[in-house]
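Shown next: work-v7.txt, containing compact mmCIF, C-alpha atoms (C1' of nucleotides).
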```txt
# COMPACT_ATOMS: atom_id res chain seq x y z
CA MET F 1 12.16 -19.76 77.31
CA SER F 2 13.16 -23.24 78.17
CA THR F 3 16.02 -24.52 80.27
CA GLU F 4 18.31 -27.33 79.23
CA HIS F 5 16.67 -29.57 81.78
CA GLU F 6 13.24 -28.96 80.28
CA LYS F 7 14.51 -29.76 76.84
CA LEU F 8 15.90 -33.04 78.11
CA VAL F 9 12.60 -33.92 79.75
CA ASP F 10 10.80 -33.30 76.46
CA GLU F 11 13.30 -35.51 74.74
CA LEU F 12 12.79 -38.18 77.37
CA LEU F 13 9.05 -38.14 76.73
CA LEU F 14 9.62 -38.46 73.02
CA LYS F 15 11.96 -41.41 73.38
CA SER F 16 9.62 -43.04 75.87
CA ARG F 17 6.78 -42.85 73.41
CA GLU F 18 8.91 -44.26 70.63
CA LEU F 19 9.98 -47.21 72.75
CA SER F 20 6.35 -47.64 73.74
CA THR F 21 5.29 -47.89 70.10
CA GLU F 22 8.06 -50.32 69.26
CA THR F 23 7.16 -52.44 72.25
CA VAL F 24 3.57 -52.77 71.13
CA MET F 25 4.65 -53.73 67.63
CA PHE F 26 7.02 -56.32 69.06
CA HIS F 27 4.28 -57.91 71.13
CA THR F 28 1.92 -57.81 68.17
CA ALA F 29 4.47 -59.65 66.05
CA ILE F 30 4.91 -62.26 68.75
CA GLY F 31 1.15 -62.78 68.92
CA ILE F 32 0.91 -63.25 65.17
CA LEU F 33 3.82 -65.67 65.16
CA ARG F 34 2.28 -67.75 67.92
CA ASP F 35 -1.11 -67.57 66.21
CA LEU F 36 -2.69 -66.10 69.31
CA SER F 37 -5.27 -63.37 69.70
CA ALA F 38 -4.71 -60.67 72.31
CA VAL F 39 -7.11 -62.39 74.70
CA GLU F 40 -5.48 -65.75 74.19
CA SER F 41 -2.07 -64.25 74.87
CA LYS F 42 -3.38 -62.69 78.04
CA VAL F 43 -4.86 -65.95 79.31
CA LEU F 44 -1.69 -67.83 78.47
CA ASP F 45 0.31 -65.20 80.32
CA TYR F 46 -1.81 -65.56 83.45
CA VAL F 47 -1.39 -69.32 83.49
CA ALA F 48 2.34 -69.07 82.84
CA ARG F 49 2.84 -66.58 85.65
CA LEU F 50 0.40 -67.82 88.29
CA GLY F 51 0.50 -71.53 87.64
CA PRO F 52 -2.50 -73.75 86.81
CA LEU F 53 -5.83 -71.93 87.14
CA THR F 54 -9.46 -72.93 86.83
CA PRO F 55 -11.65 -71.76 83.94
CA LYS F 56 -13.65 -69.67 86.39
CA GLU F 57 -10.55 -67.84 87.54
CA LEU F 58 -9.44 -67.29 83.97
CA ALA F 59 -12.88 -65.95 83.06
CA GLU F 60 -12.59 -63.39 85.84
CA TYR F 61 -9.05 -62.36 84.96
CA ALA F 62 -9.79 -62.03 81.26
CA GLY F 63 -13.26 -60.54 81.70
CA LEU F 64 -14.97 -63.21 79.64
CA ALA F 65 -18.12 -65.30 80.08
CA PRO F 66 -17.68 -68.93 81.19
CA ALA F 67 -18.74 -70.23 77.80
CA SER F 68 -16.18 -68.01 76.11
CA ILE F 69 -13.38 -69.32 78.30
CA THR F 70 -14.36 -72.90 77.58
CA ALA F 71 -14.10 -72.17 73.86
CA LEU F 72 -10.82 -70.35 74.33
CA ILE F 73 -9.28 -73.21 76.32
CA ASP F 74 -10.51 -75.58 73.63
CA ARG F 75 -8.59 -73.60 71.05
CA LEU F 76 -5.42 -73.48 73.11
CA GLU F 77 -5.71 -77.18 73.85
CA ARG F 78 -6.12 -77.94 70.16
CA LYS F 79 -2.86 -76.07 69.58
CA GLN F 80 -1.33 -78.15 72.37
CA MET F 81 -0.41 -75.08 74.36
CA VAL F 82 -2.38 -75.88 77.50
CA THR F 83 -3.76 -79.00 79.12
CA ARG F 84 -6.79 -79.60 81.29
CA SER F 85 -6.43 -81.76 84.36
CA PRO F 86 -8.87 -82.59 87.13
CA HIS F 87 -8.61 -80.52 90.27
CA PRO F 88 -7.31 -82.72 93.08
CA ASP F 89 -9.62 -81.31 95.76
CA ASP F 90 -12.81 -80.57 93.87
CA ARG F 91 -14.00 -82.76 91.06
CA ARG F 92 -16.23 -80.06 89.64
CA LYS F 93 -13.15 -78.00 88.90
CA VAL F 94 -10.58 -78.19 86.15
CA LEU F 95 -7.01 -76.99 86.20
CA VAL F 96 -5.59 -75.38 83.10
CA GLY F 97 -1.80 -75.48 82.83
CA VAL F 98 0.66 -74.53 80.12
CA GLU F 99 2.75 -77.08 78.33
CA GLU F 100 6.44 -76.79 79.08
CA GLU F 101 7.21 -76.70 75.39
CA THR F 102 4.93 -73.70 74.96
CA ILE F 103 7.02 -71.75 77.42
CA GLU F 104 10.26 -72.80 75.77
CA ARG F 105 9.01 -71.76 72.36
CA ALA F 106 7.87 -68.41 73.74
CA VAL F 107 11.20 -67.77 75.42
CA SER F 108 13.06 -68.48 72.21
CA LEU F 109 11.12 -65.71 70.52
CA TRP F 110 12.72 -63.36 73.01
CA ASP F 111 16.22 -64.65 72.43
CA HIS F 112 17.33 -61.91 70.10
CA ILE F 113 15.93 -58.97 72.03
CA VAL F 114 17.43 -60.30 75.26
CA ALA F 115 20.85 -60.85 73.71
CA ALA F 116 20.83 -57.43 72.03
CA THR F 117 19.79 -55.72 75.25
CA ARG F 118 22.52 -57.53 77.14
CA GLU F 119 25.09 -56.35 74.65
CA LEU F 120 23.74 -52.85 74.83
CA ALA F 121 23.97 -52.91 78.60
CA ASN F 122 27.67 -53.70 78.48
CA ASP F 123 28.36 -50.13 77.39
CA TYR F 124 27.03 -48.82 80.68
CA SER F 125 28.83 -48.46 83.98
CA GLU F 126 27.35 -49.90 87.14
CA SER F 127 26.28 -46.47 88.24
CA GLU F 128 24.61 -45.76 84.92
CA LEU F 129 22.86 -49.12 85.00
CA ARG F 130 21.47 -48.28 88.41
CA THR F 131 20.14 -45.01 87.07
CA VAL F 132 18.43 -46.69 84.11
CA ILE F 133 17.05 -49.52 86.24
CA GLY F 134 15.58 -47.02 88.64
CA PHE F 135 13.94 -45.12 85.82
CA LEU F 136 12.49 -48.24 84.22
CA GLU F 137 11.05 -49.33 87.53
CA ARG F 138 9.38 -46.01 88.13
CA ALA F 139 8.19 -45.78 84.54
CA ALA F 140 6.54 -49.18 84.92
CA ALA F 141 4.82 -47.98 88.10
CA VAL F 142 3.65 -44.81 86.39
CA THR F 143 2.34 -46.81 83.44
CA HIS F 144 0.54 -49.22 85.73
CA GLU F 145 -1.08 -46.32 87.57
CA SER F 146 -2.14 -44.72 84.29
CA THR F 147 -3.70 -47.96 83.10
CA LEU F 148 -5.68 -48.24 86.32
CA ARG F 149 -6.99 -44.72 85.85
CA LEU F 150 -8.08 -45.50 82.31
CA THR F 151 -9.83 -48.73 83.21
CA SER F 152 -11.61 -47.25 86.22
CA ARG F 153 -12.76 -44.34 84.08
CA SER F 154 -14.48 -46.75 81.72
CA LEU F 155 -16.64 -48.03 84.59
CA GLU F 156 -18.16 -44.67 85.43
CA MET K 157 30.07 -66.71 89.94
CA SER K 158 28.56 -63.48 88.85
CA THR K 159 29.95 -59.99 89.00
CA GLU K 160 28.03 -57.01 90.26
CA HIS K 161 27.75 -55.74 86.70
CA GLU K 162 26.18 -58.98 85.54
CA LYS K 163 23.66 -58.83 88.34
CA LEU K 164 22.72 -55.33 87.29
CA VAL K 165 22.27 -56.39 83.68
CA ASP K 166 19.94 -59.17 84.78
CA GLU K 167 18.00 -56.67 86.81
CA LEU K 168 17.85 -54.35 83.83
CA LEU K 169 16.37 -57.13 81.70
CA LEU K 170 13.80 -57.86 84.35
CA LYS K 171 12.71 -54.25 84.67
CA SER K 172 12.64 -53.88 80.90
CA ARG K 173 10.28 -56.79 80.60
CA GLU K 174 8.05 -55.43 83.34
CA LEU K 175 7.82 -52.06 81.65
CA SER K 176 7.14 -53.87 78.40
CA THR K 177 4.21 -55.72 79.93
CA GLU K 178 2.80 -52.57 81.49
CA THR K 179 3.13 -50.74 78.21
CA VAL K 180 1.11 -53.35 76.37
CA MET K 181 -1.59 -53.24 79.02
CA PHE K 182 -1.69 -49.46 78.80
CA HIS K 183 -2.16 -49.54 75.05
CA THR K 184 -4.78 -52.26 75.37
CA ALA K 185 -6.72 -50.11 77.81
CA ILE K 186 -6.53 -47.14 75.45
CA GLY K 187 -7.83 -49.28 72.60
CA ILE K 188 -10.78 -50.50 74.65
CA LEU K 189 -11.58 -46.97 75.79
CA ARG K 190 -11.55 -45.67 72.24
CA ASP K 191 -13.56 -48.69 71.08
CA LEU K 192 -10.89 -49.59 68.56
CA SER K 193 -9.49 -52.94 67.52
CA ALA K 194 -5.74 -53.37 67.20
CA VAL K 195 -5.93 -53.01 63.44
CA GLU K 196 -8.12 -49.92 63.67
CA SER K 197 -5.67 -48.35 66.11
CA LYS K 198 -2.83 -49.09 63.76
CA VAL K 199 -4.57 -47.52 60.77
CA LEU K 200 -5.54 -44.48 62.80
CA ASP K 201 -1.94 -44.15 63.93
CA TYR K 202 -0.65 -44.22 60.37
CA VAL K 203 -3.04 -41.50 59.27
CA ALA K 204 -2.27 -39.39 62.32
CA ARG K 205 1.47 -39.62 61.77
CA LEU K 206 1.75 -39.53 57.98
CA GLY K 207 -1.18 -37.29 57.11
CA PRO K 208 -4.09 -38.18 54.81
CA LEU K 209 -3.56 -41.49 52.98
CA THR K 210 -5.45 -43.41 50.34
CA PRO K 211 -7.24 -46.69 51.09
CA LYS K 212 -4.70 -48.50 48.93
CA GLU K 213 -1.82 -47.17 50.97
CA LEU K 214 -3.59 -48.06 54.19
CA ALA K 215 -4.26 -51.56 52.89
CA GLU K 216 -0.56 -52.03 52.25
CA TYR K 217 0.52 -50.62 55.61
CA ALA K 218 -1.99 -52.66 57.56
CA GLY K 219 -1.63 -55.79 55.46
CA LEU K 220 -5.33 -55.98 54.63
CA ALA K 221 -7.30 -56.60 51.44
CA PRO K 222 -8.86 -53.55 49.75
CA ALA K 223 -12.36 -54.67 50.69
CA SER K 224 -11.29 -54.97 54.33
CA ILE K 225 -9.91 -51.45 54.38
CA THR K 226 -13.11 -50.07 52.88
CA ALA K 227 -15.07 -51.71 55.68
CA LEU K 228 -12.59 -50.51 58.28
CA ILE K 229 -12.76 -46.91 57.05
CA ASP K 230 -16.54 -47.19 57.07
CA ARG K 231 -16.41 -48.11 60.74
CA LEU K 232 -14.03 -45.30 61.63
CA GLU K 233 -16.13 -42.84 59.63
CA ARG K 234 -19.26 -43.97 61.42
CA LYS K 235 -17.49 -43.18 64.68
CA GLN K 236 -16.57 -39.81 63.22
CA MET K 237 -12.87 -40.44 63.70
CA VAL K 238 -11.83 -40.09 60.06
CA THR K 239 -13.23 -38.44 56.95
CA ARG K 240 -13.01 -39.34 53.31
CA SER K 241 -12.27 -36.59 50.81
CA PRO K 242 -11.62 -36.70 47.09
CA HIS K 243 -8.01 -36.71 46.01
CA PRO K 244 -7.21 -33.40 44.32
CA ASP K 245 -5.09 -34.89 41.53
CA ASP K 246 -6.77 -38.24 40.84
CA ARG K 247 -10.50 -38.62 41.02
CA ARG K 248 -10.26 -42.37 41.38
CA LYS K 249 -8.52 -41.92 44.69
CA VAL K 250 -9.79 -41.04 48.12
CA LEU K 251 -7.94 -39.38 50.96
CA VAL K 252 -8.58 -40.57 54.48
CA GLY K 253 -7.76 -38.04 57.19
CA VAL K 254 -8.27 -38.00 60.94
CA GLU K 255 -10.64 -35.59 62.60
CA GLU K 256 -8.90 -33.01 64.74
CA GLU K 257 -11.13 -33.90 67.67
CA THR K 258 -10.03 -37.53 67.43
CA ILE K 259 -6.44 -36.47 68.00
CA GLU K 260 -7.37 -34.22 70.88
CA ARG K 261 -9.31 -36.97 72.59
CA ALA K 262 -6.43 -39.39 72.10
CA VAL K 263 -3.91 -36.95 73.53
CA SER K 264 -6.05 -36.40 76.60
CA LEU K 265 -5.88 -40.12 77.33
CA TRP K 266 -2.12 -39.67 77.66
CA ASP K 267 -2.39 -36.66 79.95
CA HIS K 268 -1.78 -38.56 83.16
CA ILE K 269 1.11 -40.68 82.01
CA VAL K 270 2.83 -37.68 80.48
CA ALA K 271 2.41 -35.57 83.60
CA ALA K 272 3.57 -38.38 85.87
CA THR K 273 6.61 -39.06 83.71
CA ARG K 274 7.46 -35.36 83.72
CA GLU K 275 7.29 -35.29 87.47
CA LEU K 276 9.40 -38.40 87.68
CA ALA K 277 11.99 -36.87 85.39
CA ASN K 278 12.43 -33.91 87.70
CA ASP K 279 14.29 -36.12 90.15
CA TYR K 280 17.03 -36.71 87.60
CA SER K 281 20.04 -34.55 86.85
CA GLU K 282 20.79 -33.47 83.31
CA SER K 283 23.54 -36.01 83.09
CA GLU K 284 21.28 -38.80 84.33
CA LEU K 285 18.57 -37.78 81.89
CA ARG K 286 21.04 -38.04 79.04
CA THR K 287 21.95 -41.53 80.19
CA VAL K 288 18.33 -42.63 80.32
CA ILE K 289 17.46 -40.98 77.00
CA GLY K 290 20.36 -42.74 75.34
CA PHE K 291 19.25 -46.06 76.72
CA LEU K 292 15.63 -45.60 75.64
CA GLU K 293 16.73 -44.70 72.16
CA ARG K 294 18.90 -47.76 71.82
CA ALA K 295 16.28 -49.99 73.39
CA ALA K 296 13.77 -48.77 70.82
CA ALA K 297 16.23 -49.57 68.04
CA VAL K 298 16.87 -53.02 69.47
CA THR K 299 13.15 -53.67 69.77
CA HIS K 300 12.56 -52.51 66.22
CA GLU K 301 15.27 -54.83 64.97
CA SER K 302 13.84 -57.73 66.93
CA THR K 303 10.38 -57.11 65.48
CA LEU K 304 11.82 -57.12 61.98
CA ARG K 305 13.50 -60.45 62.65
CA LEU K 306 10.24 -61.93 63.90
CA THR K 307 8.18 -60.72 60.97
CA SER K 308 10.72 -61.82 58.39
CA ARG K 309 10.90 -65.23 60.02
CA SER K 310 7.17 -65.65 59.51
CA LEU K 311 7.66 -65.28 55.74
CA GLU K 312 10.00 -68.20 55.40
C1' DT T 313 -9.41 -42.36 20.72
C1' DC T 314 -9.92 -46.57 23.01
C1' DG T 315 -8.49 -50.54 25.39
C1' DA T 316 -5.71 -51.65 29.52
C1' DA T 317 -4.63 -50.51 34.07
C1' DT T 318 -5.76 -48.50 38.53
C1' DA T 319 -8.58 -47.19 42.77
C1' DT T 320 -12.39 -47.95 45.30
C1' DT T 321 -16.66 -49.86 46.53
C1' DT T 322 -20.34 -53.40 46.74
C1' DC T 323 -21.88 -57.88 47.43
C1' DG T 324 -22.05 -62.40 49.14
C1' DA T 325 -19.68 -65.87 51.73
C1' DT T 326 -16.86 -67.58 55.34
C1' DG T 327 -14.75 -68.22 59.62
C1' DT T 328 -14.73 -67.20 64.24
C1' DA T 329 -15.21 -65.03 68.86
C1' DT T 330 -18.52 -64.13 72.06
C1' DC T 331 -22.57 -64.78 74.70
C1' DG T 332 -27.04 -66.49 77.39
C1' DA T 333 -29.47 -70.29 78.69
C1' DA T 334 -29.85 -75.00 79.53
C1' DT T 335 -27.50 -79.22 81.22
C1' DA T 336 -24.64 -82.31 83.98
C1' DA T 337 -21.67 -83.34 87.69
C1' DT T 338 -20.22 -82.36 92.14
C1' DT T 339 -19.98 -80.15 96.63
C1' DC T 340 -21.83 -77.73 100.44
C1' DC T 341 -24.78 -77.16 104.28
C1' DG T 342 -28.93 -77.06 107.15
C1' DC W 343 -30.01 -87.01 103.71
C1' DG W 344 -31.55 -83.77 100.20
C1' DG W 345 -32.08 -79.33 98.23
C1' DA W 346 -29.27 -75.22 97.00
C1' DA W 347 -25.09 -73.59 95.19
C1' DT W 348 -21.00 -74.11 92.37
C1' DT W 349 -18.27 -75.44 88.25
C1' DA W 350 -17.78 -76.45 83.70
C1' DT W 351 -19.60 -77.69 79.32
C1' DT W 352 -22.80 -77.84 75.35
C1' DC W 353 -25.79 -75.74 72.22
C1' DG W 354 -27.77 -72.32 69.38
C1' DA W 355 -27.71 -67.55 68.16
C1' DT W 356 -25.48 -63.35 67.11
C1' DA W 357 -22.17 -60.07 65.66
C1' DC W 358 -18.47 -58.99 63.07
C1' DA W 359 -14.01 -58.79 60.59
C1' DT W 360 -12.08 -60.43 56.61
C1' DC W 361 -11.91 -61.85 52.01
C1' DG W 362 -12.48 -62.78 46.65
C1' DA W 363 -14.82 -61.49 42.82
C1' DA W 364 -17.56 -58.41 40.36
C1' DA W 365 -18.87 -53.68 39.39
C1' DT W 366 -17.94 -48.71 38.76
C1' DA W 367 -15.37 -44.71 37.77
C1' DT W 368 -11.29 -42.74 36.29
C1' DT W 369 -6.70 -42.34 34.33
C1' DC W 370 -3.00 -43.83 31.44
C1' DG W 371 -0.71 -44.98 27.24
C1' DA W 372 -0.19 -46.73 22.56
```
structure tokens encoding of this file:
Amino acid sequence: MSTEHEKLVDELLLKSRELSTETVMFHTAIGILRDLSAVESKVLDYVARLGPLTPKELAEYAGLAPASITALIDRLERKQMVTRSPHPDDRRKVLVGVEEETIERAVSLWDHIVAATRELANDYSESELRTVIGFLERAAAVTHESTLRLTSRSLE
Amino acid sequence: MSTEHEKLVDELLLKSRELSTETVMFHTAIGILRDLSAVESKVLDYVARLGPLTPKELAEYAGLAPASITALIDRLERKQMVTRSPHPDDRRKVLVGVEEETIERAVSLWDHIVAATRELANDYSESELRTVIGFLERAAAVTHESTLRLTSRSLE
DNA sequence: TCGAATATTTCGATGTATCGAATAATTCCG
DNA sequence: CGGAATTATTCGATACATCGAAATATTCGA
């Protein structure tokens, strides 16, 4: 037997997985449109979120060899998505920063999904929104935890 | 000025994006752990969901040339994740199916996230679950639509 | 029946991401 | 000051995914 609550939980899992699949396809489409590999997207994301970083830092974040990062930055620079500038304190170092236009172009790719989600959200009361927000936050935490478990397992 | 409802919508967008990012990282980790490229994962997913398919069908779904699919199936077969079998009705064709063990191993990678989500869901009333389920469903639809827009744009 | 069409594979070529090792420039420190 | 350490790049090598064209086997249709 199965209670109504259990049925709803099963349904929740199903819908979660479906959204998960759609999310991956969305990000894949964005990558293709920007002509970026998964690694390049990741590096660009780090720089966009953390500000200018050195090649060494990027190599550590992305798990690549120094030579690989140099080549990767070369590619992004050729596409005019990042720029190299000398580090003000240490002349051995280089700072890699994203071009403002790169960010703008990326944001515009999200325009539709943001607008559609906004519209969707208008159908929900404040109380309902709080419920959904709470769930999304916890789901993100659970997903993060699960990713950590997977990546640590691969180091055994 | 900004109403309470508007603030909540902004928060919803923020949490959605965070979950989105975590989801991509989770899938990336799974791909690395299974030693599969993004394309290989996609092909494996098609076969797992739609049942045995021919190389031609897979080539169309994945957007690859026939020769590329042959090589891709070779790789998956070498890893014992799929098997080729003759098509019963047309001896020119080949059917590519996933190994049962491949599915089992994949499911086990989801064990933790499923269990944690189940536990999380227990804190929610039936009414709240329905609210969240409804949102996830619509978010998936919105994401799907957005992906379609992106991919069609690239064909202009 | 027999030529055209279809499905798949093989082969060779190409582009590209990644890496280790060597190099150059700079900083750190004893 | 001067050698060791650090940072980034260059270079050459390697691995690999992808592709077009040719080859093979089979089916379809006039």
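Ranking K:Pro211, K:Pro222, K:Pro244, K:Gly253 by their shortest atom-to-atom distance to DT322 (chain T), with all atoms listed in the file included, puts K:Pro222 first.
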**Request:** Give me, as number ranges by chain, the contact residues of chain W against chain K at a cut-off of 8 Å, counting only C-alpha atoms (C1' of nucleotides).
**Result:** W: 359-361, 367-369
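Considering the residues F:Glu145, F:Glu60, F:Glu6, F:Glu11 and counting only C-alpha atoms, Trp266 (chain K) has its shortest atom-to-atom contact with F:Glu145.
Across the structure, CA of Leu232 (chain K) and CA of Leu192 (chain K) are spaced 8.7 Å apart.
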If chain K is fitted onto chain F by least squares over all C-alpha atoms, taken pair by pair in sequence order, what do its new coordinates look like as a compact mmCIF listing (two decimals) with C-alpha atoms, in the frame of the given file?
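Once everything was written out, this is out.txt:
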```
# COMPACT_ATOMS: atom_id res chain seq x y z
CA MET K 157 12.13 -19.79 77.37
CA SER K 158 13.13 -23.29 78.20
CA THR K 159 15.98 -24.56 80.29
CA GLU K 160 18.29 -27.34 79.25
CA HIS K 161 16.64 -29.61 81.79
CA GLU K 162 13.22 -28.99 80.30
CA LYS K 163 14.50 -29.79 76.85
CA LEU K 164 15.87 -33.06 78.13
CA VAL K 165 12.57 -33.96 79.76
CA ASP K 166 10.78 -33.34 76.47
CA GLU K 167 13.29 -35.54 74.75
CA LEU K 168 12.77 -38.21 77.38
CA LEU K 169 9.02 -38.16 76.74
CA LEU K 170 9.60 -38.48 73.04
CA LYS K 171 11.94 -41.44 73.38
CA SER K 172 9.60 -43.06 75.88
CA ARG K 173 6.75 -42.88 73.42
CA GLU K 174 8.90 -44.29 70.64
CA LEU K 175 9.95 -47.23 72.77
CA SER K 176 6.32 -47.67 73.74
CA THR K 177 5.28 -47.90 70.10
CA GLU K 178 8.05 -50.34 69.27
CA THR K 179 7.14 -52.46 72.25
CA VAL K 180 3.55 -52.79 71.12
CA MET K 181 4.66 -53.74 67.63
CA PHE K 182 7.02 -56.33 69.05
CA HIS K 183 4.28 -57.93 71.10
CA THR K 184 1.91 -57.82 68.14
CA ALA K 185 4.47 -59.65 66.03
CA ILE K 186 4.91 -62.29 68.73
CA GLY K 187 1.15 -62.79 68.90
CA ILE K 188 0.88 -63.26 65.15
CA LEU K 189 3.81 -65.68 65.13
CA ARG K 190 2.27 -67.76 67.89
CA ASP K 191 -1.13 -67.57 66.18
CA LEU K 192 -2.69 -66.09 69.29
CA SER K 193 -5.25 -63.34 69.71
CA ALA K 194 -4.68 -60.65 72.31
CA VAL K 195 -7.06 -62.35 74.72
CA GLU K 196 -5.45 -65.74 74.18
CA SER K 197 -2.03 -64.24 74.85
CA LYS K 198 -3.31 -62.68 78.02
CA VAL K 199 -4.79 -65.93 79.31
CA LEU K 200 -1.64 -67.84 78.44
CA ASP K 201 0.39 -65.22 80.29
CA TYR K 202 -1.72 -65.57 83.42
CA VAL K 203 -1.32 -69.34 83.47
CA ALA K 204 2.40 -69.10 82.79
CA ARG K 205 2.94 -66.62 85.61
CA LEU K 206 0.50 -67.84 88.26
CA GLY K 207 0.57 -71.58 87.62
CA PRO K 208 -2.43 -73.78 86.79
CA LEU K 209 -5.76 -71.93 87.14
CA THR K 210 -9.39 -72.89 86.85
CA PRO K 211 -11.60 -71.71 83.98
CA LYS K 212 -13.56 -69.59 86.45
CA GLU K 213 -10.45 -67.79 87.58
CA LEU K 214 -9.36 -67.26 84.00
CA ALA K 215 -12.79 -65.91 83.12
CA GLU K 216 -12.48 -63.34 85.88
CA TYR K 217 -8.93 -62.33 84.97
CA ALA K 218 -9.70 -62.01 81.28
CA GLY K 219 -13.13 -60.48 81.75
CA LEU K 220 -14.89 -63.15 79.70
CA ALA K 221 -18.05 -65.21 80.18
CA PRO K 222 -17.59 -68.84 81.29
CA ALA K 223 -18.71 -70.14 77.90
CA SER K 224 -16.12 -67.93 76.19
CA ILE K 225 -13.33 -69.26 78.36
CA THR K 226 -14.34 -72.84 77.64
CA ALA K 227 -14.10 -72.11 73.92
CA LEU K 228 -10.80 -70.29 74.38
CA ILE K 229 -9.27 -73.17 76.34
CA ASP K 230 -10.53 -75.53 73.65
CA ARG K 231 -8.61 -73.54 71.06
CA LEU K 232 -5.43 -73.44 73.12
CA GLU K 233 -5.74 -77.16 73.85
CA ARG K 234 -6.18 -77.90 70.17
CA LYS K 235 -2.92 -76.07 69.57
CA GLN K 236 -1.38 -78.15 72.34
CA MET K 237 -0.41 -75.07 74.32
CA VAL K 238 -2.36 -75.89 77.48
CA THR K 239 -3.77 -79.01 79.11
CA ARG K 240 -6.80 -79.57 81.26
CA SER K 241 -6.44 -81.74 84.35
CA PRO K 242 -8.86 -82.55 87.13
CA HIS K 243 -8.57 -80.50 90.28
CA PRO K 244 -7.26 -82.70 93.09
CA ASP K 245 -9.56 -81.30 95.78
CA ASP K 246 -12.77 -80.51 93.88
CA ARG K 247 -13.97 -82.71 91.09
CA ARG K 248 -16.18 -79.99 89.68
CA LYS K 249 -13.12 -77.94 88.91
CA VAL K 250 -10.56 -78.14 86.17
CA LEU K 251 -6.97 -76.96 86.20
CA VAL K 252 -5.56 -75.37 83.09
CA GLY K 253 -1.77 -75.50 82.82
CA VAL K 254 0.67 -74.53 80.09
CA GLU K 255 2.74 -77.10 78.28
CA GLU K 256 6.43 -76.84 79.02
CA GLU K 257 7.19 -76.73 75.31
CA THR K 258 4.90 -73.72 74.91
CA ILE K 259 7.04 -71.78 77.37
CA GLU K 260 10.25 -72.84 75.70
CA ARG K 261 9.00 -71.76 72.30
CA ALA K 262 7.87 -68.43 73.71
CA VAL K 263 11.21 -67.80 75.38
CA SER K 264 13.06 -68.51 72.16
CA LEU K 265 11.10 -65.73 70.48
CA TRP K 266 12.71 -63.37 72.99
CA ASP K 267 16.22 -64.69 72.41
CA HIS K 268 17.30 -61.90 70.10
CA ILE K 269 15.92 -58.99 72.04
CA VAL K 270 17.39 -60.32 75.26
CA ALA K 271 20.82 -60.86 73.74
CA ALA K 272 20.81 -57.45 72.07
CA THR K 273 19.75 -55.73 75.28
CA ARG K 274 22.49 -57.55 77.17
CA GLU K 275 25.05 -56.38 74.68
CA LEU K 276 23.70 -52.86 74.87
CA ALA K 277 23.91 -52.92 78.65
CA ASN K 278 27.61 -53.72 78.53
CA ASP K 279 28.33 -50.17 77.44
CA TYR K 280 26.98 -48.84 80.72
CA SER K 281 28.78 -48.48 84.02
CA GLU K 282 27.31 -49.93 87.18
CA SER K 283 26.24 -46.51 88.29
CA GLU K 284 24.56 -45.79 84.96
CA LEU K 285 22.81 -49.14 85.04
CA ARG K 286 21.40 -48.32 88.45
CA THR K 287 20.09 -45.04 87.08
CA VAL K 288 18.40 -46.72 84.14
CA ILE K 289 17.00 -49.56 86.27
CA GLY K 290 15.52 -47.05 88.67
CA PHE K 291 13.91 -45.16 85.85
CA LEU K 292 12.44 -48.28 84.24
CA GLU K 293 10.99 -49.36 87.53
CA ARG K 294 9.32 -46.03 88.13
CA ALA K 295 8.14 -45.80 84.55
CA ALA K 296 6.49 -49.19 84.92
CA ALA K 297 4.76 -48.00 88.09
CA VAL K 298 3.60 -44.83 86.37
CA THR K 299 2.29 -46.81 83.42
CA HIS K 300 0.49 -49.22 85.70
CA GLU K 301 -1.15 -46.34 87.52
CA SER K 302 -2.18 -44.72 84.25
CA THR K 303 -3.74 -47.97 83.05
CA LEU K 304 -5.72 -48.24 86.26
CA ARG K 305 -7.02 -44.71 85.79
CA LEU K 306 -8.10 -45.51 82.24
CA THR K 307 -9.88 -48.72 83.14
CA SER K 308 -11.65 -47.21 86.13
CA ARG K 309 -12.78 -44.30 83.99
CA SER K 310 -14.48 -46.73 81.63
CA LEU K 311 -16.66 -47.98 84.50
CA GLU K 312 -18.18 -44.63 85.27
```
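Rounded to one decimal, C1' of DT349 (chain W) and C1' of DG332 (chain T) lie 16.6 Å from each other.
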**Asked** Could you name the residues that touch Tyr280 (chain K) at 12 Å or less, counting all atoms listed in the file, but leaving out those on the same chain fewer than 6 positions away, as a VMD selection string?
**Response** (chain F and resid 5 to 6 8 to 9 12 131 to 132 134 to 135) or (chain K and resid 273 to 274 286 to 289)
Keeping only C-alpha atoms, write the selected residues as an mmCIF file, in the frame of the given file.
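The resulting part-v7.cif:
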```cif
data_model
loop_
_atom_site.group_PDB
_atom_site.id
_atom_site.type_symbol
_atom_site.label_atom_id
_atom_site.label_comp_id
_atom_site.auth_asym_id
_atom_site.auth_seq_id
_atom_site.Cartn_x
_atom_site.Cartn_y
_atom_site.Cartn_z
ATOM 1 C CA HIS F 5 16.670 -29.570 81.780
ATOM 2 C CA GLU F 6 13.240 -28.960 80.280
ATOM 3 C CA LEU F 8 15.900 -33.040 78.110
ATOM 4 C CA VAL F 9 12.600 -33.920 79.750
ATOM 5 C CA LEU F 12 12.790 -38.180 77.370
ATOM 6 C CA THR F 131 20.140 -45.010 87.070
ATOM 7 C CA VAL F 132 18.430 -46.690 84.110
ATOM 8 C CA GLY F 134 15.580 -47.020 88.640
ATOM 9 C CA PHE F 135 13.940 -45.120 85.820
ATOM 10 C CA THR K 273 6.610 -39.060 83.710
ATOM 11 C CA ARG K 274 7.460 -35.360 83.720
ATOM 12 C CA ARG K 286 21.040 -38.040 79.040
ATOM 13 C CA THR K 287 21.950 -41.530 80.190
ATOM 14 C CA VAL K 288 18.330 -42.630 80.320
ATOM 15 C CA ILE K 289 17.460 -40.980 77.000
#
```
